[in-house]
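Undergrad: One structure, as structure tokens, below. Some questions next.
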Amino acid sequence: MNSIKLLADYENDGVVLVPQFLSADEVASVRAELDRYIRDDLAAQPLDARTFEKDEKTVRNLWRLEKYNPWFLALGEREDIKALIAPLVHGEPVLVGVETFNKPARIGSGVPYHQDNAYFCQTPPDMLTVWIAIDAVTQANGPVFFVKGSHKGGMQPTKPSGVRGNSIGMAKPSNVPLSEQFCGLLEPGDATIHQCETIHHSAPNTTDHSRLGLLLVYRGSHTQTDPQLKQAYAAAVAATPPA
Ligand SMILES: O=C(O)CCC(=O)C(=O)O
């Protein structure tokens, strides 16, 4: 993809779609390693390694894969990916997190309206998420909706959401109608990249088709923690740990 257009669209919209970010073989490898990690390793990891759905056994999110799984650390540290990200974070990319939003078939829960910087708490907001589709993302299985350009409005007031895995949300949802929001419809291997102050959300998955996403999170090495944002996040996460 043309890197000048990618940067211009990202700066303007706060979200861009990158077709075939990973190849079919790479997607298959991601899936195989996630399956293996969940089956063989997850039970022995600390509680902050995951959030379950309401059934208390199906994975909603894996957290901190860069810490608990060397294969995913190596993926997040890939030089070709960091080279793509560098202009978008206005500096040297630092891998901050590798995680999943599994959205399993029938029971996958929704994600309330939020801005990621309520969790990341970084200033300047030179931080982003590469959201890679491992399953196909359709209108029906809980795609992520983004409010284009909303990153330009800065951080909006937050409130604890009480949702496990997404403890902090926006005090008021966006008033941009859903029909005018950008819907991340993706084939396996496609990705969206969104800036950390872009407003987004997703609905529950009531279909028979899983909607697994792998997320790589990067910041520019120059960003710093904002104490006020951190205080609000700490209060929300204490109410519904671990994230
Ligand atoms: O995958 C989802 O449904 C939500 C993802 C999300 O909130 C994020 O990428 O920050």
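In the structure tokens, each chain is lettered A, B, ... as it comes, each chain's residues begin at 1, and ligands are numbered from 1 in order of appearance.
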Give me the residues within 12 Å of segment 6-8 of chain A as a PyMOL selection string, counting only C-alpha atoms and dropping any in the same chain fewer than 4 places off.
TA: chain A and resi 1-2+12-19+84-90+192-195
Undergrad: With only C-alpha atoms and all ligand atoms counted, collect every polymer residue having an atom within 10 Å of ligand 1; state the result as an NGL selection string.
TA: :A and (60-61 or 99-103 or 108-117 or 119 or 128-133 or 137 or 141-146 or 165-166 or 184 or 192-205 or 211-217)
Undergrad: Per residue of segment 83-194 of chain A within 9 Å of segment 24-29 of chain A, note the shortest atom pair and the distance in Å to one decimal, counting only C-alpha atoms, and order the rows by chain and increasing residue number, as CSV.
TA:
```
residue,atom,partner,partner_atom,distance
A:Ala133,CA,A:Val27,CA,8.4
A:Ile134,CA,A:Val27,CA,6.0
A:Asp135,CA,A:Val27,CA,8.9
A:Pro188,CA,A:Val27,CA,7.0
A:Gly189,CA,A:Val27,CA,6.0
```
Undergrad: Restricting the output to N, CA and C atoms, write the selected residues as a CSV table (one decimal), in the first residue's frame.
TA:
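Output file again00.csv is given in full below:
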```
chain,number,residue,atom,x,y,z
A,133,ALA,N,-7.7,-9.0,11.3
A,133,ALA,CA,-8.8,-10.0,11.3
A,133,ALA,C,-8.2,-11.4,11.1
A,134,ILE,N,-8.5,-12.3,12.0
A,134,ILE,CA,-8.1,-13.7,11.9
A,134,ILE,C,-9.3,-14.5,11.3
A,135,ASP,N,-10.5,-14.1,11.7
A,135,ASP,CA,-11.7,-14.6,11.1
A,135,ASP,C,-12.2,-13.5,10.2
A,188,PRO,N,-10.0,-12.3,6.4
A,188,PRO,CA,-8.9,-12.8,7.2
A,188,PRO,C,-7.5,-12.2,6.7
A,189,GLY,N,-6.7,-11.7,7.5
A,189,GLY,CA,-5.4,-11.1,7.1
A,189,GLY,C,-5.5,-9.6,6.9
```
Undergrad: Taking only segment 1-224 of chain A into account, list the residues labelled alpha helix (DSSP H) by DSSP (computed from the backbone), as a PDB file with C-alpha atoms, in the first residue's frame.
TA:
```pdb
ATOM      1  CA  SER A   3       2.680   4.742   2.491  1.00  0.00           C
ATOM      2  CA  ILE A   4       2.089   8.451   1.772  1.00  0.00           C
ATOM      3  CA  LYS A   5      -1.639   7.859   1.251  1.00  0.00           C
ATOM      4  CA  LEU A   6      -1.763   5.589   4.313  1.00  0.00           C
ATOM      5  CA  LEU A   7      -0.291   8.349   6.473  1.00  0.00           C
ATOM      6  CA  ALA A   8      -2.532  11.070   4.998  1.00  0.00           C
ATOM      7  CA  ASP A   9      -5.692   8.986   5.494  1.00  0.00           C
ATOM      8  CA  TYR A  10      -4.632   8.012   9.011  1.00  0.00           C
ATOM      9  CA  GLU A  11      -3.959  11.623  10.007  1.00  0.00           C
ATOM     10  CA  ASN A  12      -7.252  12.756   8.505  1.00  0.00           C
ATOM     11  CA  ASP A  13      -9.614   9.965   9.537  1.00  0.00           C
ATOM     12  CA  ALA A  24      -3.090 -16.519   4.465  1.00  0.00           C
ATOM     13  CA  ASP A  25      -0.137 -18.582   5.765  1.00  0.00           C
ATOM     14  CA  GLU A  26       0.606 -16.021   8.477  1.00  0.00           C
ATOM     15  CA  VAL A  27      -3.050 -15.973   9.531  1.00  0.00           C
ATOM     16  CA  ALA A  28      -2.987 -19.769   9.788  1.00  0.00           C
ATOM     17  CA  SER A  29       0.156 -19.576  11.957  1.00  0.00           C
ATOM     18  CA  VAL A  30      -1.444 -16.972  14.249  1.00  0.00           C
ATOM     19  CA  ARG A  31      -4.517 -19.148  14.663  1.00  0.00           C
ATOM     20  CA  ALA A  32      -2.453 -22.275  15.365  1.00  0.00           C
ATOM     21  CA  GLU A  33      -0.355 -20.528  18.019  1.00  0.00           C
ATOM     22  CA  LEU A  34      -3.412 -18.958  19.690  1.00  0.00           C
ATOM     23  CA  ASP A  35      -5.110 -22.370  19.824  1.00  0.00           C
ATOM     24  CA  ARG A  36      -1.976 -23.960  21.253  1.00  0.00           C
ATOM     25  CA  LEU A  65       0.829 -11.910  24.793  1.00  0.00           C
ATOM     26  CA  GLU A  66       4.072  -9.971  24.240  1.00  0.00           C
ATOM     27  CA  LYS A  67       4.950 -10.835  27.841  1.00  0.00           C
ATOM     28  CA  TYR A  68       3.614 -14.379  28.111  1.00  0.00           C
ATOM     29  CA  PRO A  70       7.610 -15.349  22.737  1.00  0.00           C
ATOM     30  CA  TRP A  71       6.023 -16.139  19.353  1.00  0.00           C
ATOM     31  CA  PHE A  72       3.683 -13.143  19.620  1.00  0.00           C
ATOM     32  CA  LEU A  73       6.472 -10.936  20.979  1.00  0.00           C
ATOM     33  CA  ALA A  74       8.462 -11.762  17.828  1.00  0.00           C
ATOM     34  CA  LEU A  75       5.452 -10.946  15.627  1.00  0.00           C
ATOM     35  CA  GLY A  76       4.941  -7.567  17.306  1.00  0.00           C
ATOM     36  CA  GLU A  79      10.861  -4.759  11.592  1.00  0.00           C
ATOM     37  CA  ASP A  80       8.608  -4.538   8.514  1.00  0.00           C
ATOM     38  CA  ILE A  81       5.574  -3.859  10.717  1.00  0.00           C
ATOM     39  CA  LYS A  82       7.446  -1.285  12.821  1.00  0.00           C
ATOM     40  CA  ALA A  83       8.666   0.467   9.654  1.00  0.00           C
ATOM     41  CA  LEU A  84       5.047   0.846   8.502  1.00  0.00           C
ATOM     42  CA  ILE A  85       3.987   2.161  11.918  1.00  0.00           C
ATOM     43  CA  ASN A 117      -6.210   6.504  25.333  1.00  0.00           C
ATOM     44  CA  ALA A 118      -8.494   6.205  28.370  1.00  0.00           C
ATOM     45  CA  TYR A 119      -6.598   2.902  28.864  1.00  0.00           C
ATOM     46  CA  PHE A 120      -3.192   3.873  27.451  1.00  0.00           C
TER      47      PHE A 120
END
```
Undergrad: Could you pull out all residues of segment 105-215 of chain A with a DSSP call of strand (DSSP E or B) and give them as an MDAnalysis selection string?
TA: chainID A and resid 108 111:114 122:123 127:133 137 144:146 158:163 166:170 182:183 186 191:195 200:202 205 213:215
Undergrad: Between atom CA of Gly162 of chain A and atom CA of Thr240 of chain A, what distance in Å does the model show, to one decimal?
TA: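 Pair atom CA of Gly162 of chain A / atom CA of Thr240 of chain A returns 5.9 Å.
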Undergrad: One number please: atom CA of Val176 of chain A to atom CA of Val147 of chain A, in Å, one decimal.
TA: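 Going from atom CA of Val176 of chain A over to atom CA of Val147 of chain A covers 7.2 Å.
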Undergrad: Write out as a list of chain:residue names each polymer residue whose atoms come within 7 Å of segment 159-161 of chain A, counting only C-alpha atoms; drop sequence neighbours fewer than 6 positions from it.
TA: A:Ser167, A:Ile168, A:Gly169, A:Met170, A:Ala171, A:Ala236
Undergrad: Give me a file of those residues, with C-alpha atoms, as an mmCIF file, in the first residue's frame.
TA:
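Saved result, again26.cif, follows:
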```
data_model
loop_
_atom_site.group_PDB
_atom_site.id
_atom_site.type_symbol
_atom_site.label_atom_id
_atom_site.label_comp_id
_atom_site.auth_asym_id
_atom_site.auth_seq_id
_atom_site.Cartn_x
_atom_site.Cartn_y
_atom_site.Cartn_z
ATOM 1 C CA SER A 167 -13.594 -1.221 32.143
ATOM 2 C CA ILE A 168 -13.657 2.410 30.971
ATOM 3 C CA GLY A 169 -16.005 3.887 28.367
ATOM 4 C CA MET A 170 -17.246 7.269 27.251
ATOM 5 C CA ALA A 171 -19.597 9.194 29.534
ATOM 6 C CA ALA A 236 -12.280 1.924 36.516
#
```
